[in-house]
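Participant: Take this structure, written in structure tokens, and hold onto it; I'll ask about it next.
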Amino acid sequence: MRILVVEDEALIAESIKVALQEAGFVPEVVTDGDTAWFQGGTEDYAAAVLDIGLPQLDGLSVLRNWRQEKVNMPVILLTAKGSWSERVDGIDAGADDYLVKPFHMEELIARLRALVRRSGAERTPQMEAQGLILDTRQMKVSVNGAQIKVTPLEFRLLNYLLHNRGRVVSQEELATNIYYQDQEPDSNAIEVLVGRLRRKLKAKVIETRRGFGYLIDADDPA
Ligand code: CA
């Protein structure tokens, strides 16, 4: 799941990036407001982490522009300590949540997970379909009760398909959402990855729709 990270301070940006990667997200870092506005308006992200103090265009203006253009992804604002007016302005501008700097990475991750969940159908850190259970907090996967060891990349793939369960996801969309920015996957990388996962899962969880992509079907409502 891709997360747009907008932060101009290199050290903070880097630690957010690392924390998000460890939590199974695919972060994309941009360092100024203009680029953020453009990226957020033209690419699909599951959420954005947006600093307020940015070069070129400040974070609040970026957010207002996004909301005016109907860019509806959940946004967490990073605000300066003690600036309650910034937070009020932020909520008015359409922020879903905010964190006061300096903050703990664990808190950012927890809030981000909650936001991404709220924008999907999830109410708990666990997602479930077709006997597959994925715990986004403990980063654990099980099928029909049996724990399965997966790599971080495999986890990101299952996470994305489960989050979009009931919808066919193309190979291109999968690749954009599970590989990091600096990774350039081979053309058959997704096929190979899915093949390997199917052998591990030992169950028919991931379906192929030839020519369209992959699907984890939603369970029928009981
Ligand atoms: Ca800043």
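Chain labels run A, B, ... following the order of the structure tokens; each chain numbers its residues from 1, and ligands are numbered from 1 in the order shown.
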Taking only C-alpha atoms and all ligand atoms and a cut-off of 9 Å, can you tell me which residues surround ligand 1, written as a list in words?
Facilitator: Val6, Glu7, Asp8, Glu9, Thr31, Asp32, Asp51, Ile52, Gly53, Leu54, Pro55, Asp58, Gly59, Leu78, Thr79 and Ala80 of chain A
Participant: Please write the residues from the selection above to a file, keeping all heavy atoms, as a CSV table (one decimal), in the first residue's frame.
Facilitator:
```csv
chain,number,residue,atom,x,y,z
A,6,VAL,N,5.3,13.6,2.9
A,6,VAL,CA,5.8,14.9,2.5
A,6,VAL,C,6.5,15.6,3.6
A,6,VAL,O,5.8,15.9,4.6
A,6,VAL,CB,4.6,15.8,2.0
A,6,VAL,CG1,5.1,17.1,1.4
A,6,VAL,CG2,3.6,15.1,1.1
A,7,GLU,N,7.8,15.6,3.5
A,7,GLU,CA,8.6,16.1,4.7
A,7,GLU,C,9.9,16.6,4.1
A,7,GLU,O,10.6,15.9,3.4
A,7,GLU,CB,8.8,15.0,5.7
A,7,GLU,CG,9.8,15.2,6.8
A,7,GLU,CD,9.4,16.4,7.6
A,7,GLU,OE1,8.6,16.2,8.5
A,7,GLU,OE2,10.0,17.5,7.4
A,8,ASP,N,10.2,17.9,4.4
A,8,ASP,CA,11.4,18.5,3.9
A,8,ASP,C,12.7,18.3,4.7
A,8,ASP,O,13.8,18.5,4.2
A,8,ASP,CB,11.2,20.0,3.6
A,8,ASP,CG,10.8,20.7,4.9
A,8,ASP,OD1,10.0,20.2,5.7
A,8,ASP,OD2,11.3,21.8,5.1
A,9,GLU,N,12.5,17.9,6.0
A,9,GLU,CA,13.7,17.6,6.8
A,9,GLU,C,14.2,16.2,6.5
A,9,GLU,O,13.5,15.2,6.9
A,9,GLU,CB,13.4,17.8,8.3
A,9,GLU,CG,13.3,19.3,8.6
A,9,GLU,CD,12.5,19.5,10.0
A,9,GLU,OE1,13.2,19.2,11.0
A,9,GLU,OE2,11.4,19.9,9.9
A,31,THR,N,9.7,16.3,-1.0
A,31,THR,CA,10.2,17.2,0.0
A,31,THR,C,9.8,18.6,-0.2
A,31,THR,O,10.3,19.5,0.5
A,31,THR,CB,11.8,17.2,-0.1
A,31,THR,OG1,12.2,17.4,-1.5
A,31,THR,CG2,12.3,15.8,0.3
A,32,ASP,N,8.9,18.9,-1.2
A,32,ASP,CA,8.3,20.3,-1.2
A,32,ASP,C,6.8,20.2,-1.6
A,32,ASP,O,6.3,19.2,-2.1
A,32,ASP,CB,9.1,21.1,-2.3
A,32,ASP,CG,8.8,20.6,-3.7
A,32,ASP,OD1,7.8,21.0,-4.3
A,32,ASP,OD2,9.7,19.8,-4.2
A,51,ASP,N,3.7,17.2,6.2
A,51,ASP,CA,4.2,18.2,7.1
A,51,ASP,C,3.6,19.6,6.7
A,51,ASP,O,3.3,19.8,5.6
A,51,ASP,CB,5.8,18.3,6.9
A,51,ASP,CG,6.5,19.2,7.9
A,51,ASP,OD1,5.9,19.3,9.0
A,51,ASP,OD2,7.5,19.7,7.6
A,52,ILE,N,3.5,20.5,7.7
A,52,ILE,CA,2.9,21.8,7.4
A,52,ILE,C,4.0,22.8,6.9
A,52,ILE,O,3.8,23.4,5.9
A,52,ILE,CB,2.2,22.4,8.6
A,52,ILE,CG1,0.9,21.6,8.9
A,52,ILE,CG2,1.9,23.8,8.4
A,52,ILE,CD1,0.0,22.2,9.9
A,53,GLY,N,5.1,22.8,7.5
A,53,GLY,CA,6.2,23.7,7.1
A,53,GLY,C,6.9,23.1,5.9
A,53,GLY,O,7.8,22.3,6.1
A,54,LEU,N,6.7,23.6,4.7
A,54,LEU,CA,7.3,23.0,3.5
A,54,LEU,C,7.8,24.2,2.6
A,54,LEU,O,7.2,25.2,2.6
A,54,LEU,CB,6.3,22.2,2.7
A,54,LEU,CG,5.8,20.9,3.3
A,54,LEU,CD1,4.7,20.4,2.5
A,54,LEU,CD2,6.9,19.9,3.4
A,55,PRO,N,8.8,23.9,1.8
A,55,PRO,CA,9.2,24.9,0.8
A,55,PRO,C,8.2,25.0,-0.3
A,55,PRO,O,7.6,24.0,-0.6
A,55,PRO,CB,10.6,24.4,0.4
A,55,PRO,CG,10.7,23.0,0.8
A,55,PRO,CD,9.7,22.8,1.9
A,58,ASP,N,3.1,25.6,1.4
A,58,ASP,CA,3.0,25.0,2.7
A,58,ASP,C,2.0,23.9,2.7
A,58,ASP,O,1.1,23.8,1.8
A,58,ASP,CB,2.6,26.1,3.8
A,58,ASP,CG,1.2,26.6,3.6
A,58,ASP,OD1,1.0,27.5,2.7
A,58,ASP,OD2,0.3,26.0,4.2
A,59,GLY,N,2.1,23.0,3.7
A,59,GLY,CA,1.2,21.8,3.8
A,59,GLY,C,-0.3,22.1,3.8
A,59,GLY,O,-1.0,21.4,3.2
A,78,LEU,N,1.5,16.8,10.1
A,78,LEU,CA,2.6,16.9,11.1
A,78,LEU,C,2.6,18.4,11.5
A,78,LEU,O,2.9,19.2,10.6
A,78,LEU,CB,3.9,16.4,10.6
A,78,LEU,CG,3.9,15.0,10.0
A,78,LEU,CD1,5.3,14.6,9.5
A,78,LEU,CD2,3.4,14.0,11.1
A,79,THR,N,2.3,18.7,12.7
A,79,THR,CA,2.3,20.1,13.1
A,79,THR,C,3.4,20.4,14.1
A,79,THR,O,3.9,19.5,14.8
A,79,THR,CB,0.9,20.4,13.7
A,79,THR,OG1,0.8,19.9,15.0
A,79,THR,CG2,-0.2,19.9,12.9
A,80,ALA,N,3.7,21.7,14.2
A,80,ALA,CA,4.7,22.1,15.2
A,80,ALA,C,4.1,22.1,16.6
A,80,ALA,O,2.9,22.2,16.8
A,80,ALA,CB,5.1,23.6,14.9
```
Participant: Mind checking which residues fall within 12 Å of A:Ser83, counting only C-alpha atoms, ignoring those fewer than 5 positions away in the same chain, and posting them as a PyMOL selection string?
Facilitator: chain A and resi 52+78+88-90+98-101
Participant: Find the residue from A:Met1, A:Ala146, A:Leu108, A:Leu50 that sits nearest to A:Leu158; use only C-alpha atoms when measuring.
Facilitator: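 Using only C-alpha atoms, A:Leu158 sits closest to A:Met1.
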Participant: Enter the distance from atom CA of A:Ala48 to atom CA of A:Arg165, in Å, rounded to one decimal.
Facilitator: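 Those two atoms sit 21.9 Å apart.
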Participant: Please provide the set of residues having any atom within 9 Å of stretch 190-198 of chain A, restricted to only C-alpha atoms, with same-chain residues fewer than 6 positions apart removed, written as a PyMOL selection string.
Facilitator: chain A and resi 150+153-154+157-158+171-172+174-175+204-206+214
Participant: Measuring atom to atom with only C-alpha atoms, identify which of A:Val141, A:Asp186, A:Lys70, A:Glu28 is nearest to A:Ile16.
Facilitator: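 When distances to A:Ile16 are compared using only C-alpha atoms, the smallest one comes from A:Glu28.
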Participant: Skip stretch 36-42 of chain A itself and residues of its chain fewer than 5 positions away, then list as a list in words all residues within 8 Å of it, counting only C-alpha atoms.
Facilitator: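 So, after excluding close chain neighbours, the residues are Leu4, Val6, Val30, Thr31, Val62, Leu63, Asn65, Trp66, Glu69 and Val71 of chain A.
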Participant: Go ahead and dump the residues you just picked, N, CA, C and O atoms, as a PDB file, in the first residue's frame.
Facilitator:
```pdb
ATOM      1  N   LEU A   4       2.065   8.468   0.622  1.00  0.00           N
ATOM      2  CA  LEU A   4       2.832   9.648   0.242  1.00  0.00           C
ATOM      3  C   LEU A   4       3.339  10.336   1.508  1.00  0.00           C
ATOM      4  O   LEU A   4       2.558  10.662   2.398  1.00  0.00           O
ATOM      5  N   VAL A   6       5.296  13.606   2.853  1.00  0.00           N
ATOM      6  CA  VAL A   6       5.754  14.938   2.458  1.00  0.00           C
ATOM      7  C   VAL A   6       6.466  15.568   3.637  1.00  0.00           C
ATOM      8  O   VAL A   6       5.845  15.950   4.621  1.00  0.00           O
ATOM      9  N   VAL A  30       8.371  12.909  -0.856  1.00  0.00           N
ATOM     10  CA  VAL A  30       8.626  14.140  -1.598  1.00  0.00           C
ATOM     11  C   VAL A  30       8.925  15.237  -0.596  1.00  0.00           C
ATOM     12  O   VAL A  30       8.507  15.176   0.560  1.00  0.00           O
ATOM     13  N   THR A  31       9.678  16.259  -1.022  1.00  0.00           N
ATOM     14  CA  THR A  31      10.239  17.191  -0.048  1.00  0.00           C
ATOM     15  C   THR A  31       9.779  18.632  -0.228  1.00  0.00           C
ATOM     16  O   THR A  31      10.257  19.522   0.458  1.00  0.00           O
ATOM     17  N   VAL A  62      -1.370  22.803   0.358  1.00  0.00           N
ATOM     18  CA  VAL A  62      -1.384  21.541  -0.396  1.00  0.00           C
ATOM     19  C   VAL A  62      -2.679  20.795  -0.109  1.00  0.00           C
ATOM     20  O   VAL A  62      -3.394  20.355  -1.011  1.00  0.00           O
ATOM     21  N   LEU A  63      -3.005  20.704   1.192  1.00  0.00           N
ATOM     22  CA  LEU A  63      -4.198  19.967   1.615  1.00  0.00           C
ATOM     23  C   LEU A  63      -5.467  20.621   1.053  1.00  0.00           C
ATOM     24  O   LEU A  63      -6.354  19.945   0.527  1.00  0.00           O
ATOM     25  N   ASN A  65      -5.745  22.452  -1.584  1.00  0.00           N
ATOM     26  CA  ASN A  65      -5.793  22.203  -3.038  1.00  0.00           C
ATOM     27  C   ASN A  65      -6.278  20.796  -3.334  1.00  0.00           C
ATOM     28  O   ASN A  65      -7.125  20.594  -4.211  1.00  0.00           O
ATOM     29  N   TRP A  66      -5.759  19.831  -2.595  1.00  0.00           N
ATOM     30  CA  TRP A  66      -6.184  18.442  -2.804  1.00  0.00           C
ATOM     31  C   TRP A  66      -7.685  18.317  -2.604  1.00  0.00           C
ATOM     32  O   TRP A  66      -8.385  17.738  -3.422  1.00  0.00           O
ATOM     33  N   GLU A  69      -9.772  19.669  -5.239  1.00  0.00           N
ATOM     34  CA  GLU A  69      -9.719  18.852  -6.452  1.00  0.00           C
ATOM     35  C   GLU A  69     -10.260  17.449  -6.205  1.00  0.00           C
ATOM     36  O   GLU A  69     -10.051  16.551  -7.008  1.00  0.00           O
ATOM     37  N   VAL A  71      -9.371  15.195  -4.134  1.00  0.00           N
ATOM     38  CA  VAL A  71      -8.413  14.154  -3.744  1.00  0.00           C
ATOM     39  C   VAL A  71      -8.765  13.782  -2.316  1.00  0.00           C
ATOM     40  O   VAL A  71      -8.593  14.575  -1.406  1.00  0.00           O
TER      41      VAL A  71
END
```
Participant: Would you mind listing what lies within 8 Å of stretch 159-164 of chain A as a PyMOL selection string, with only C-alpha atoms counted and same-chain residues fewer than 2 positions away left out?
Facilitator: chain A and resi 1+120-121+127-129+134+136+155-157+166-167+169+174+177-178+214-216
Participant: Let me see the file: selected residues, N, CA and C atoms, as a PDB file, in the first residue's frame.
Facilitator:
```pdb
ATOM      1  N   MET A   1       0.832  -1.186   0.000  1.00  0.00           N
ATOM      2  CA  MET A   1       0.000   0.000   0.000  1.00  0.00           C
ATOM      3  C   MET A   1       0.871   1.242   0.000  1.00  0.00           C
ATOM      4  N   GLY A 120     -11.071   1.759   4.221  1.00  0.00           N
ATOM      5  CA  GLY A 120     -11.511   0.504   3.633  1.00  0.00           C
ATOM      6  C   GLY A 120     -12.668  -0.026   4.452  1.00  0.00           C
ATOM      7  N   ALA A 121     -12.788  -1.328   4.518  1.00  0.00           N
ATOM      8  CA  ALA A 121     -13.928  -1.889   5.243  1.00  0.00           C
ATOM      9  C   ALA A 121     -13.520  -2.405   6.611  1.00  0.00           C
ATOM     10  N   MET A 127      -7.466  -8.600   8.765  1.00  0.00           N
ATOM     11  CA  MET A 127      -8.290  -8.709   7.568  1.00  0.00           C
ATOM     12  C   MET A 127      -8.442 -10.179   7.251  1.00  0.00           C
ATOM     13  N   GLU A 128      -9.595 -10.514   6.691  1.00  0.00           N
ATOM     14  CA  GLU A 128      -9.911 -11.909   6.527  1.00  0.00           C
ATOM     15  C   GLU A 128     -10.735 -12.138   5.269  1.00  0.00           C
ATOM     16  N   ALA A 129     -10.382 -13.166   4.510  1.00  0.00           N
ATOM     17  CA  ALA A 129     -11.219 -13.620   3.397  1.00  0.00           C
ATOM     18  C   ALA A 129     -10.706 -14.974   2.943  1.00  0.00           C
ATOM     19  N   LEU A 134      -4.886 -11.938   7.839  1.00  0.00           N
ATOM     20  CA  LEU A 134      -3.675 -11.145   7.842  1.00  0.00           C
ATOM     21  C   LEU A 134      -3.763 -10.140   8.984  1.00  0.00           C
ATOM     22  N   THR A 136      -2.263  -6.968  10.477  1.00  0.00           N
ATOM     23  CA  THR A 136      -1.370  -5.889  10.047  1.00  0.00           C
ATOM     24  C   THR A 136      -0.551  -5.338  11.211  1.00  0.00           C
ATOM     25  N   PHE A 155       4.055 -10.218   2.049  1.00  0.00           N
ATOM     26  CA  PHE A 155       3.087  -9.632   2.975  1.00  0.00           C
ATOM     27  C   PHE A 155       2.409  -8.422   2.328  1.00  0.00           C
ATOM     28  N   ARG A 156       3.191  -7.586   1.660  1.00  0.00           N
ATOM     29  CA  ARG A 156       2.611  -6.388   1.034  1.00  0.00           C
ATOM     30  C   ARG A 156       1.623  -6.772  -0.057  1.00  0.00           C
ATOM     31  N   LEU A 157       1.948  -7.848  -0.785  1.00  0.00           N
ATOM     32  CA  LEU A 157       1.046  -8.290  -1.842  1.00  0.00           C
ATOM     33  C   LEU A 157      -0.276  -8.791  -1.258  1.00  0.00           C
ATOM     34  N   GLY A 166     -12.416  -8.759  -3.386  1.00  0.00           N
ATOM     35  CA  GLY A 166     -13.627  -8.667  -4.187  1.00  0.00           C
ATOM     36  C   GLY A 166     -13.426  -7.874  -5.472  1.00  0.00           C
ATOM     37  N   ARG A 167     -12.214  -7.327  -5.670  1.00  0.00           N
ATOM     38  CA  ARG A 167     -11.927  -6.547  -6.876  1.00  0.00           C
ATOM     39  C   ARG A 167     -10.698  -7.133  -7.564  1.00  0.00           C
ATOM     40  N   VAL A 169      -7.309  -6.943  -9.349  1.00  0.00           N
ATOM     41  CA  VAL A 169      -6.223  -5.963  -9.345  1.00  0.00           C
ATOM     42  C   VAL A 169      -5.214  -6.336 -10.431  1.00  0.00           C
ATOM     43  N   LEU A 174      -0.612  -3.776  -8.850  1.00  0.00           N
ATOM     44  CA  LEU A 174       0.061  -4.485  -7.772  1.00  0.00           C
ATOM     45  C   LEU A 174       1.514  -4.046  -7.656  1.00  0.00           C
ATOM     46  N   ASN A 177       2.103  -0.771  -6.079  1.00  0.00           N
ATOM     47  CA  ASN A 177       1.739  -0.668  -4.674  1.00  0.00           C
ATOM     48  C   ASN A 177       2.535  -1.557  -3.734  1.00  0.00           C
ATOM     49  N   ILE A 178       3.363  -2.429  -4.258  1.00  0.00           N
ATOM     50  CA  ILE A 178       4.118  -3.294  -3.338  1.00  0.00           C
ATOM     51  C   ILE A 178       5.633  -3.156  -3.470  1.00  0.00           C
ATOM     52  N   TYR A 214      -5.316 -10.253 -10.652  1.00  0.00           N
ATOM     53  CA  TYR A 214      -5.514 -11.193  -9.550  1.00  0.00           C
ATOM     54  C   TYR A 214      -6.615 -10.724  -8.619  1.00  0.00           C
ATOM     55  N   LEU A 215      -7.150 -11.701  -7.879  1.00  0.00           N
ATOM     56  CA  LEU A 215      -8.304 -11.408  -7.035  1.00  0.00           C
ATOM     57  C   LEU A 215      -8.287 -12.289  -5.801  1.00  0.00           C
ATOM     58  N   ILE A 216      -8.487 -11.678  -4.644  1.00  0.00           N
ATOM     59  CA  ILE A 216      -8.898 -12.454  -3.474  1.00  0.00           C
ATOM     60  C   ILE A 216     -10.367 -12.109  -3.283  1.00  0.00           C
TER      61      ILE A 216
END
```
Participant: What is the atom CA of A:Ala95-atom CA of A:Leu77 distance in Å, reported with one decimal?
Facilitator: 6.5 Å
Participant: Could you tell me how far atom CA of A:Tyr45 sits from atom CA of A:Gly33, in Å to one decimal place?
Facilitator: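 According to the coordinates, atom CA of A:Gly33 and atom CA of A:Tyr45 are separated by 16.4 Å.
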Participant: Return the single residue from A:Arg209, A:Lys202, A:Arg87, A:Arg67 that is closest to A:Asn144, with distances computed using only C-alpha atoms.
Facilitator: A:Lys202
Participant: Among stretch 25-221 of chain A, which residues carry a DSSP assignment of helix (DSSP H, G or I), reported as a ChimeraX atom specification?
Facilitator: /A:33-42,59-68,84-93,105-119,152-163,171-178,189-201
Participant: Which residues are near A:Tyr180? Cut-off 9 Å, only C-alpha atoms, ignore same chain within fewer than 5 positions. Put them as a ChimeraX atom specification.
Facilitator: /A:2,21,26-28
Participant: Pick out the residues sitting within 12 Å of A:Gln147, and hand them over as number ranges by chain; count only C-alpha atoms, and ignore anything fewer than 6 positions along from it in its own chain.
Facilitator: A: 131-135, 139-141, 200-202
Participant: Could those residues be written to a file, using N, CA and C atoms, as a PDB file, in the first residue's frame?
Facilitator:
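For reference, again-v8.pdb as written:
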```pdb
ATOM      1  N   GLY A 131     -10.536 -17.831   4.237  1.00  0.00           N
ATOM      2  CA  GLY A 131      -9.718 -18.593   5.180  1.00  0.00           C
ATOM      3  C   GLY A 131      -8.363 -17.972   5.460  1.00  0.00           C
ATOM      4  N   LEU A 132      -8.056 -16.893   4.726  1.00  0.00           N
ATOM      5  CA  LEU A 132      -6.780 -16.201   4.919  1.00  0.00           C
ATOM      6  C   LEU A 132      -6.973 -15.091   5.950  1.00  0.00           C
ATOM      7  N   ILE A 133      -6.100 -15.058   6.944  1.00  0.00           N
ATOM      8  CA  ILE A 133      -6.160 -13.979   7.928  1.00  0.00           C
ATOM      9  C   ILE A 133      -4.821 -13.255   7.937  1.00  0.00           C
ATOM     10  N   LEU A 134      -4.886 -11.938   7.839  1.00  0.00           N
ATOM     11  CA  LEU A 134      -3.675 -11.145   7.842  1.00  0.00           C
ATOM     12  C   LEU A 134      -3.763 -10.140   8.984  1.00  0.00           C
ATOM     13  N   ASP A 135      -2.787 -10.201   9.873  1.00  0.00           N
ATOM     14  CA  ASP A 135      -2.752  -9.295  11.014  1.00  0.00           C
ATOM     15  C   ASP A 135      -1.747  -8.197  10.712  1.00  0.00           C
ATOM     16  N   MET A 139       1.966  -8.366  11.754  1.00  0.00           N
ATOM     17  CA  MET A 139       2.516  -8.768  10.457  1.00  0.00           C
ATOM     18  C   MET A 139       2.550 -10.296  10.338  1.00  0.00           C
ATOM     19  N   LYS A 140       1.428 -10.908  10.669  1.00  0.00           N
ATOM     20  CA  LYS A 140       1.344 -12.366  10.605  1.00  0.00           C
ATOM     21  C   LYS A 140       0.267 -12.792   9.618  1.00  0.00           C
ATOM     22  N   VAL A 141       0.506 -13.948   9.002  1.00  0.00           N
ATOM     23  CA  VAL A 141      -0.417 -14.478   8.012  1.00  0.00           C
ATOM     24  C   VAL A 141      -0.773 -15.909   8.396  1.00  0.00           C
ATOM     25  N   LYS A 200       3.082 -21.593  -0.989  1.00  0.00           N
ATOM     26  CA  LYS A 200       3.174 -21.449   0.464  1.00  0.00           C
ATOM     27  C   LYS A 200       1.817 -21.566   1.137  1.00  0.00           C
ATOM     28  N   LEU A 201       0.832 -20.932   0.548  1.00  0.00           N
ATOM     29  CA  LEU A 201      -0.492 -20.882   1.197  1.00  0.00           C
ATOM     30  C   LEU A 201      -1.215 -22.219   1.112  1.00  0.00           C
ATOM     31  N   LYS A 202      -0.846 -23.025   0.124  1.00  0.00           N
ATOM     32  CA  LYS A 202      -1.447 -24.344  -0.076  1.00  0.00           C
ATOM     33  C   LYS A 202      -2.980 -24.280  -0.114  1.00  0.00           C
TER      34      LYS A 202
END
```
